Amino acid sequence: MPREWKWSAIAAFAVAVALGAQAAAAAPSPCADGPERSDALLKRWVEEDVVLGPVAARASATRLQLRIYLPPSNDAPCGRLMTYREDAEYLYPASAIKIVPAIAVLSRWSEGGAGTPPLDAPLLFSDKRADDAFGHTLRVGGHGSQSLAEHLEAMLVESSNDSFNALYELAGPAAQNDPFHRGGFPSVRVIHRLSGYNLPPELAAYMPSVAWMRGGERVVWLPERTVASLPTSTIRLPREEIGIGYLEANSGLRVEAPMPFGMKNGVTLADLQRLLVALFHELPESDTASLPALSAASASLMLSLMRGPLSEKDGVSAESREARFKPMLPGLLGFGLARAQIDYTNKAGRAYGFHLDNARIRIGDRIAYVTVGMLANSDGVFNDDRYDYDALSFPALRAVGALVGSKLFGLKPLPAP
C-alpha cells in the first residue's frame, strides 16, 4: 500500500471512530423516557382487592392515592413506576413531611463551621411568648435540652411534634423550602410548626437562638431571627378546602365551612416518595433531582433511625409500635416472614384524618418504594379528634402492604390451619 494511501486510510479510520463515538455519545439513553409504566395494572390490583376496592370506590371522599417505584433490575432495566390516583387532590402530609426538616437540619450541620455543636451536645433554645385573643399564653422555642441526635430520633422514630418544632426553628422555613424547590422537588411546602393552636404572627415569625455548652461556656450556633415572609410553592393541588366544618383551634368553636388547608404544610405524593428515593441515591436516570448536600454520616444516621426495627417501649410491645409507625408492615408480616427478613425504612404520618406512609421495602434482593395516602374522616368535620383510622385507614394501609408482598415480592399466603 502506498504510504499516502496508508495514512489516508488511518485518518479515515480515526474520523470514523470519532464520528462513531460522537454518535454514541449523542444517542439517547434507553432509559431517557424514565421507568416503565404499569398504572393500569396497579389500578386493577387496587380495585379487585377485598379491602382496598371499597376504599377506591369512594376515592373522591377517601382521597386514596398510591405510588410504587421499583428501581432498575434485570426484569425492568429502567425501573418500573406504578401509580393510582397520584396527586389527584391535596393530601395533608402530617408527620410524613418530617423527613424535610431532618434533611435541612442535617445539611446545615454537615456544613460545620464555628459554633457547630457535636451531634450529642444538648441544645439550648431561647423562647418567646404571646397571648392570643382567647386567653391562651402561647410559646415557641424553649425546648428541653436534648441534643440534635436526640431530637432527630424523637422526630423520626416517635414522631415527636415538639422535636419537629425544634428542628423547624433550627433550620428556618427558607432552608426547608428553597433548596428543595431548586433541587427538583417543587411541591415541598413546610411553613408552620405542628401545634394545637394557631400562633399569632409575631410568634410564627420568631426563630429562637440555638446554643450549647462547651467547657462551661455558652456557644451560640444560631442567633435569634425573624422570618420576614414565608416561602411559597408554585404547585397547588385541587380541593385544598375540605369537609363540611371544623373546630377553630384557639376558640374551640365550630365553623360551618370547609377547613382551609392551603396555608398548611404540603407535598405531592410523587415528591414525597422521590425525597426518600433520593436519600438512597436510587432515582431513575431520567430524574435529575438533588437533595441539599448531606455528609455520608448524616444520611446514614437519618436512614438508620427510619429503618428500625422498633423495640418495646414504656410497656408498648414492639409489634404494636411498628403497627402504628410502620402501618404497611403488618400486611407483609402476614405472609409468615420473620421481622429480620424485611428491611423497612419509612416515615408515616396521621393528622386531621389524613394517614400516609412513605416506605422503602427490601426483601432479599428486591426493593420497592411504596407511598400511600388517604383521608379517614367520614363525618367531614376536622380538628375534633374523631377520625376513622382504626376502622378505615389502618386496615387499608395493611392491605397495601399485603398487595405489595403478593404482587411484587411473590410472597404466598400462609396455609390454612
# chains A, B, ... in the order shown; residues from 1 in each chain; ligands from 1

call {"tool": "select_by_dssp", "arguments": {"residues": "range 66-282 of chain A", "states": "helix (DSSP H, G or I)", "output": "PyMOL selection string"}}
result
chain A and resi 94-111+148-156+161-171+174-176+178-183+201-204+269-279

call {"tool": "write_last_selection", "arguments": {"atoms": "C-alpha atoms", "output": "PDB file, in the first residue's frame"}}
result
ATOM      1  CA  ALA A  94     -48.946  15.167  58.558  1.00  0.00           C
ATOM      2  CA  SER A  95     -45.778  13.683  60.079  1.00  0.00           C
ATOM      3  CA  ALA A  96     -44.645  12.172  56.780  1.00  0.00           C
ATOM      4  CA  ILE A  97     -43.272  15.670  55.993  1.00  0.00           C
ATOM      5  CA  LYS A  98     -40.782  15.315  58.850  1.00  0.00           C
ATOM      6  CA  ILE A  99     -38.092  13.956  56.543  1.00  0.00           C
ATOM      7  CA  VAL A 100     -37.794  17.505  55.122  1.00  0.00           C
ATOM      8  CA  PRO A 101     -36.616  19.273  58.321  1.00  0.00           C
ATOM      9  CA  ALA A 102     -34.382  16.277  59.060  1.00  0.00           C
ATOM     10  CA  ILE A 103     -32.634  16.714  55.704  1.00  0.00           C
ATOM     11  CA  ALA A 104     -32.495  20.515  56.041  1.00  0.00           C
ATOM     12  CA  VAL A 105     -31.035  20.456  59.560  1.00  0.00           C
ATOM     13  CA  LEU A 106     -28.501  17.723  58.800  1.00  0.00           C
ATOM     14  CA  SER A 107     -27.460  19.613  55.678  1.00  0.00           C
ATOM     15  CA  ARG A 108     -26.807  22.706  57.806  1.00  0.00           C
ATOM     16  CA  TRP A 109     -24.984  20.631  60.420  1.00  0.00           C
ATOM     17  CA  SER A 110     -22.871  18.947  57.703  1.00  0.00           C
ATOM     18  CA  GLU A 111     -21.543  22.369  56.672  1.00  0.00           C
ATOM     19  CA  LEU A 148     -29.578  17.242  67.792  1.00  0.00           C
ATOM     20  CA  ALA A 149     -29.292  13.444  67.614  1.00  0.00           C
ATOM     21  CA  GLU A 150     -31.990  13.075  70.276  1.00  0.00           C
ATOM     22  CA  HIS A 151     -34.346  15.490  68.514  1.00  0.00           C
ATOM     23  CA  LEU A 152     -33.851  13.601  65.251  1.00  0.00           C
ATOM     24  CA  GLU A 153     -34.561  10.274  66.925  1.00  0.00           C
ATOM     25  CA  ALA A 154     -37.647  11.614  68.723  1.00  0.00           C
ATOM     26  CA  MET A 155     -38.988  13.103  65.491  1.00  0.00           C
ATOM     27  CA  LEU A 156     -38.191  10.275  63.058  1.00  0.00           C
ATOM     28  CA  ASN A 161     -44.117  17.228  67.280  1.00  0.00           C
ATOM     29  CA  ASP A 162     -42.014  19.128  69.820  1.00  0.00           C
ATOM     30  CA  SER A 163     -38.817  17.861  68.186  1.00  0.00           C
ATOM     31  CA  PHE A 164     -40.248  18.707  64.754  1.00  0.00           C
ATOM     32  CA  ASN A 165     -40.832  22.246  66.002  1.00  0.00           C
ATOM     33  CA  ALA A 166     -37.289  22.438  67.387  1.00  0.00           C
ATOM     34  CA  LEU A 167     -35.787  21.349  64.074  1.00  0.00           C
ATOM     35  CA  TYR A 168     -38.186  23.549  62.089  1.00  0.00           C
ATOM     36  CA  GLU A 169     -36.956  26.507  64.143  1.00  0.00           C
ATOM     37  CA  LEU A 170     -33.330  25.465  63.852  1.00  0.00           C
ATOM     38  CA  ALA A 171     -33.408  25.239  60.062  1.00  0.00           C
ATOM     39  CA  ALA A 174     -36.391  29.070  53.829  1.00  0.00           C
ATOM     40  CA  ALA A 175     -33.966  26.139  54.227  1.00  0.00           C
ATOM     41  CA  GLN A 176     -36.903  23.726  54.274  1.00  0.00           C
ATOM     42  CA  ASP A 178     -35.989  26.907  48.689  1.00  0.00           C
ATOM     43  CA  PRO A 179     -33.210  24.272  48.298  1.00  0.00           C
ATOM     44  CA  PHE A 180     -35.829  21.579  47.688  1.00  0.00           C
ATOM     45  CA  HIS A 181     -37.568  23.671  45.028  1.00  0.00           C
ATOM     46  CA  ARG A 182     -34.232  24.356  43.302  1.00  0.00           C
ATOM     47  CA  GLY A 183     -33.283  20.700  43.613  1.00  0.00           C
ATOM     48  CA  PRO A 201     -47.913  36.391  63.621  1.00  0.00           C
ATOM     49  CA  GLU A 202     -45.153  37.614  65.974  1.00  0.00           C
ATOM     50  CA  LEU A 203     -44.692  34.094  67.333  1.00  0.00           C
ATOM     51  CA  ALA A 204     -44.964  32.329  63.985  1.00  0.00           C
ATOM     52  CA  LEU A 269     -47.290  12.129  46.808  1.00  0.00           C
ATOM     53  CA  ALA A 270     -44.760  11.990  43.963  1.00  0.00           C
ATOM     54  CA  ASP A 271     -42.319  14.413  45.609  1.00  0.00           C
ATOM     55  CA  LEU A 272     -42.741  12.737  48.984  1.00  0.00           C
ATOM     56  CA  GLN A 273     -41.627   9.436  47.520  1.00  0.00           C
ATOM     57  CA  ARG A 274     -38.871  10.995  45.410  1.00  0.00           C
ATOM     58  CA  LEU A 275     -37.357  12.562  48.543  1.00  0.00           C
ATOM     59  CA  LEU A 276     -36.937   9.107  50.049  1.00  0.00           C
ATOM     60  CA  VAL A 277     -35.637   7.612  46.786  1.00  0.00           C
ATOM     61  CA  ALA A 278     -33.080  10.426  46.548  1.00  0.00           C
ATOM     62  CA  LEU A 279     -31.849   9.707  50.089  1.00  0.00           C
TER      63      LEU A 279
END

call {"tool": "select_by_dssp", "arguments": {"residues": "range 120-327 of chain A", "states": "strand (DSSP E)", "output": "count of residues only"}}
result
36

call {"tool": "atom_distance", "arguments": {"atom1": "CA of Arg67 in chain A", "atom2": "CA of Met82 in chain A"}}
result
5.9 Å

call {"tool": "residues_around", "arguments": {"residues": "Leu81 in chain A", "least_positions_apart": "2", "cutoff": "9 Å", "atoms": "only C-alpha atoms", "output": "JSON, numbers by chain"}}
result
{"A": [34, 35, 36, 37, 38, 39, 67, 68, 69, 70, 71, 79, 83]}

call {"tool": "residues_around", "arguments": {"residues": "range 124-137 of chain A", "least_positions_apart": "2", "cutoff": "8 Å", "atoms": "only C-alpha atoms", "output": "VMD selection string"}}
result
chain A and resid 122 139 to 145 199 to 200 203 206 208 to 212 224 250 to 251

call {"tool": "write_last_selection", "arguments": {"atoms": "all heavy atoms", "output": "short mmCIF file (atom, residue, chain, number, x, y, z; two decimals), in the first residue's frame"}}
result
data_model
loop_
_atom_site.label_atom_id
_atom_site.label_comp_id
_atom_site.auth_asym_id
_atom_site.auth_seq_id
_atom_site.Cartn_x
_atom_site.Cartn_y
_atom_site.Cartn_z
N PRO A 122 -26.31 18.73 74.18
CA PRO A 122 -27.65 19.28 74.44
C PRO A 122 -27.77 20.70 73.89
O PRO A 122 -26.87 21.52 74.07
CB PRO A 122 -27.76 19.25 75.96
CG PRO A 122 -26.81 18.16 76.38
CD PRO A 122 -25.66 18.24 75.41
N ARG A 139 -46.36 29.76 73.40
CA ARG A 139 -44.89 29.85 73.49
C ARG A 139 -44.26 29.10 72.34
O ARG A 139 -44.73 28.02 71.95
CB ARG A 139 -44.44 29.23 74.82
CG ARG A 139 -42.94 29.18 75.03
CD ARG A 139 -42.64 28.25 76.20
NE ARG A 139 -41.23 28.29 76.60
CZ ARG A 139 -40.65 27.33 77.32
NH1 ARG A 139 -41.34 26.28 77.72
NH2 ARG A 139 -39.38 27.42 77.66
N VAL A 140 -43.19 29.66 71.79
CA VAL A 140 -42.37 28.95 70.82
C VAL A 140 -40.93 28.94 71.33
O VAL A 140 -40.54 29.77 72.16
CB VAL A 140 -42.44 29.58 69.41
CG1 VAL A 140 -43.85 29.50 68.86
CG2 VAL A 140 -41.95 31.02 69.43
N GLY A 141 -40.14 27.98 70.84
CA GLY A 141 -38.78 27.81 71.35
C GLY A 141 -38.82 27.18 72.73
O GLY A 141 -39.80 26.56 73.14
N GLY A 142 -37.72 27.34 73.48
CA GLY A 142 -37.66 26.86 74.84
C GLY A 142 -37.75 25.36 74.99
O GLY A 142 -38.25 24.85 76.00
N HIS A 143 -37.29 24.61 74.01
CA HIS A 143 -37.39 23.16 74.05
C HIS A 143 -36.43 22.59 75.10
O HIS A 143 -35.43 23.21 75.46
CB HIS A 143 -37.08 22.57 72.68
CG HIS A 143 -37.89 23.19 71.59
ND1 HIS A 143 -39.21 22.87 71.36
CD2 HIS A 143 -37.58 24.16 70.68
CE1 HIS A 143 -39.67 23.59 70.35
NE2 HIS A 143 -38.70 24.38 69.92
N GLY A 144 -36.75 21.39 75.58
CA GLY A 144 -35.87 20.74 76.54
C GLY A 144 -34.47 20.54 76.00
O GLY A 144 -34.25 20.54 74.78
N SER A 145 -33.52 20.36 76.90
CA SER A 145 -32.11 20.33 76.49
C SER A 145 -31.73 18.97 75.89
O SER A 145 -30.92 18.22 76.43
CB SER A 145 -31.20 20.66 77.68
OG SER A 145 -31.43 19.72 78.73
N LEU A 199 -50.76 30.22 65.86
CA LEU A 199 -49.87 31.17 66.52
C LEU A 199 -50.10 32.59 66.03
O LEU A 199 -50.31 32.80 64.82
CB LEU A 199 -48.41 30.78 66.27
CG LEU A 199 -47.95 29.42 66.81
CD1 LEU A 199 -46.52 29.13 66.38
CD2 LEU A 199 -48.07 29.38 68.33
N PRO A 200 -50.03 33.58 66.92
CA PRO A 200 -50.04 34.97 66.46
C PRO A 200 -48.86 35.21 65.52
O PRO A 200 -47.81 34.53 65.63
CB PRO A 200 -49.88 35.77 67.76
CG PRO A 200 -50.25 34.83 68.86
CD PRO A 200 -49.92 33.46 68.37
N LEU A 203 -45.29 35.36 66.90
CA LEU A 203 -44.69 34.09 67.33
C LEU A 203 -44.34 33.22 66.14
O LEU A 203 -43.29 32.57 66.12
CB LEU A 203 -45.65 33.34 68.26
CG LEU A 203 -45.82 33.84 69.69
CD1 LEU A 203 -46.56 32.80 70.52
CD2 LEU A 203 -44.48 34.16 70.33
N TYR A 206 -41.04 34.14 64.68
CA TYR A 206 -39.87 34.13 65.57
C TYR A 206 -39.13 32.80 65.46
O TYR A 206 -39.71 31.72 65.59
CB TYR A 206 -40.32 34.35 67.00
CG TYR A 206 -39.21 34.21 68.03
CD1 TYR A 206 -38.25 35.21 68.18
CD2 TYR A 206 -39.14 33.09 68.86
CE1 TYR A 206 -37.25 35.09 69.14
CE2 TYR A 206 -38.15 32.96 69.81
CZ TYR A 206 -37.20 33.97 69.95
OH TYR A 206 -36.21 33.85 70.90
N PRO A 208 -35.94 31.03 67.37
CA PRO A 208 -35.12 31.24 68.56
C PRO A 208 -33.63 31.07 68.29
O PRO A 208 -33.23 30.46 67.29
CB PRO A 208 -35.62 30.16 69.52
CG PRO A 208 -36.18 29.10 68.64
CD PRO A 208 -36.76 29.81 67.45
N SER A 209 -32.83 31.60 69.20
CA SER A 209 -31.39 31.31 69.14
C SER A 209 -31.18 29.87 69.58
O SER A 209 -31.97 29.30 70.34
CB SER A 209 -30.61 32.26 70.04
OG SER A 209 -30.95 32.03 71.40
N VAL A 210 -30.11 29.27 69.09
CA VAL A 210 -29.76 27.89 69.44
C VAL A 210 -28.30 27.90 69.90
O VAL A 210 -27.42 28.35 69.17
CB VAL A 210 -29.94 26.93 68.26
CG1 VAL A 210 -29.66 25.48 68.69
CG2 VAL A 210 -31.35 27.05 67.67
N ALA A 211 -28.09 27.42 71.11
CA ALA A 211 -26.75 27.43 71.69
C ALA A 211 -26.46 26.07 72.34
O ALA A 211 -27.35 25.20 72.42
CB ALA A 211 -26.62 28.55 72.73
N TRP A 212 -25.21 25.91 72.80
CA TRP A 212 -24.81 24.69 73.51
C TRP A 212 -23.63 25.03 74.41
O TRP A 212 -23.05 26.13 74.30
CB TRP A 212 -24.46 23.57 72.54
CG TRP A 212 -23.40 23.90 71.52
CD1 TRP A 212 -23.54 24.71 70.44
CD2 TRP A 212 -22.05 23.42 71.49
NE1 TRP A 212 -22.36 24.79 69.73
CE2 TRP A 212 -21.42 24.00 70.35
CE3 TRP A 212 -21.30 22.57 72.30
CZ2 TRP A 212 -20.09 23.74 70.02
CZ3 TRP A 212 -19.98 22.31 71.96
CH2 TRP A 212 -19.40 22.90 70.82
N GLU A 224 -31.00 34.59 67.32
CA GLU A 224 -32.43 34.80 67.11
C GLU A 224 -32.66 35.41 65.73
O GLU A 224 -31.88 36.24 65.26
CB GLU A 224 -33.00 35.76 68.17
CG GLU A 224 -33.14 35.15 69.54
CD GLU A 224 -33.84 36.09 70.50
OE1 GLU A 224 -33.89 37.31 70.21
OE2 GLU A 224 -34.33 35.62 71.54
N ASN A 250 -58.04 27.82 68.33
CA ASN A 250 -57.88 28.62 69.55
C ASN A 250 -59.17 28.81 70.34
O ASN A 250 -59.19 28.72 71.55
CB ASN A 250 -57.27 29.99 69.20
CG ASN A 250 -55.89 29.86 68.57
OD1 ASN A 250 -55.71 29.15 67.59
ND2 ASN A 250 -54.92 30.56 69.13
N SER A 251 -60.28 29.03 69.63
CA SER A 251 -61.54 29.28 70.32
C SER A 251 -62.28 28.00 70.67
O SER A 251 -63.08 27.96 71.60
CB SER A 251 -62.45 30.15 69.46
OG SER A 251 -62.90 29.43 68.32
#

call {"tool": "atom_distance", "arguments": {"atom1": "CA of Ala299 in chain A", "atom2": "CA of Leu194 in chain A"}}
result
24.1 Å

call {"tool": "closest_residue", "arguments": {"among": "A:Thr288, A:Ala257, A:Arg225, A:Gly364", "to": "Phe185 in chain A", "atoms": "only C-alpha atoms"}}
result
A:Thr288

call {"tool": "decode", "arguments": {"residues": "range 276-288 of chain A", "atoms": "N, CA, C and O atoms", "output": "short mmCIF file (atom, residue, chain, number, x, y, z; two decimals), in the first residue's frame"}}
result
data_model
loop_
_atom_site.label_atom_id
_atom_site.label_comp_id
_atom_site.auth_asym_id
_atom_site.auth_seq_id
_atom_site.Cartn_x
_atom_site.Cartn_y
_atom_site.Cartn_z
N LEU A 276 -37.49 10.32 49.45
CA LEU A 276 -36.94 9.11 50.05
C LEU A 276 -36.04 8.37 49.06
O LEU A 276 -34.96 7.89 49.43
N VAL A 277 -36.46 8.28 47.80
CA VAL A 277 -35.64 7.61 46.79
C VAL A 277 -34.30 8.33 46.64
O VAL A 277 -33.24 7.69 46.52
N ALA A 278 -34.32 9.66 46.68
CA ALA A 278 -33.08 10.43 46.55
C ALA A 278 -32.15 10.19 47.73
O ALA A 278 -30.92 10.20 47.57
N LEU A 279 -32.69 10.00 48.93
CA LEU A 279 -31.85 9.71 50.09
C LEU A 279 -31.06 8.43 49.89
O LEU A 279 -29.95 8.28 50.40
N PHE A 280 -31.63 7.49 49.14
CA PHE A 280 -30.95 6.22 48.87
C PHE A 280 -30.18 6.25 47.55
O PHE A 280 -29.63 5.23 47.14
N HIS A 281 -30.16 7.40 46.88
CA HIS A 281 -29.45 7.54 45.59
C HIS A 281 -29.96 6.53 44.56
O HIS A 281 -29.19 5.93 43.81
N GLU A 282 -31.30 6.35 44.53
CA GLU A 282 -31.89 5.38 43.60
C GLU A 282 -32.93 6.01 42.68
O GLU A 282 -33.81 5.33 42.18
N LEU A 283 -32.81 7.32 42.44
CA LEU A 283 -33.70 7.95 41.49
C LEU A 283 -33.46 7.39 40.09
O LEU A 283 -32.32 7.03 39.74
N PRO A 284 -34.50 7.29 39.26
CA PRO A 284 -34.28 6.81 37.89
C PRO A 284 -33.37 7.77 37.11
O PRO A 284 -33.25 8.95 37.44
N GLU A 285 -32.76 7.24 36.08
CA GLU A 285 -31.81 8.02 35.27
C GLU A 285 -32.44 9.29 34.72
O GLU A 285 -31.77 10.31 34.59
N SER A 286 -33.72 9.26 34.44
CA SER A 286 -34.40 10.41 33.85
C SER A 286 -34.72 11.50 34.87
O SER A 286 -35.14 12.59 34.50
N ASP A 287 -34.52 11.21 36.15
CA ASP A 287 -34.85 12.17 37.21
C ASP A 287 -33.57 12.81 37.72
O ASP A 287 -32.74 12.16 38.34
N THR A 288 -33.40 14.09 37.46
CA THR A 288 -32.15 14.79 37.79
C THR A 288 -32.24 15.55 39.11
O THR A 288 -31.40 16.40 39.39
#
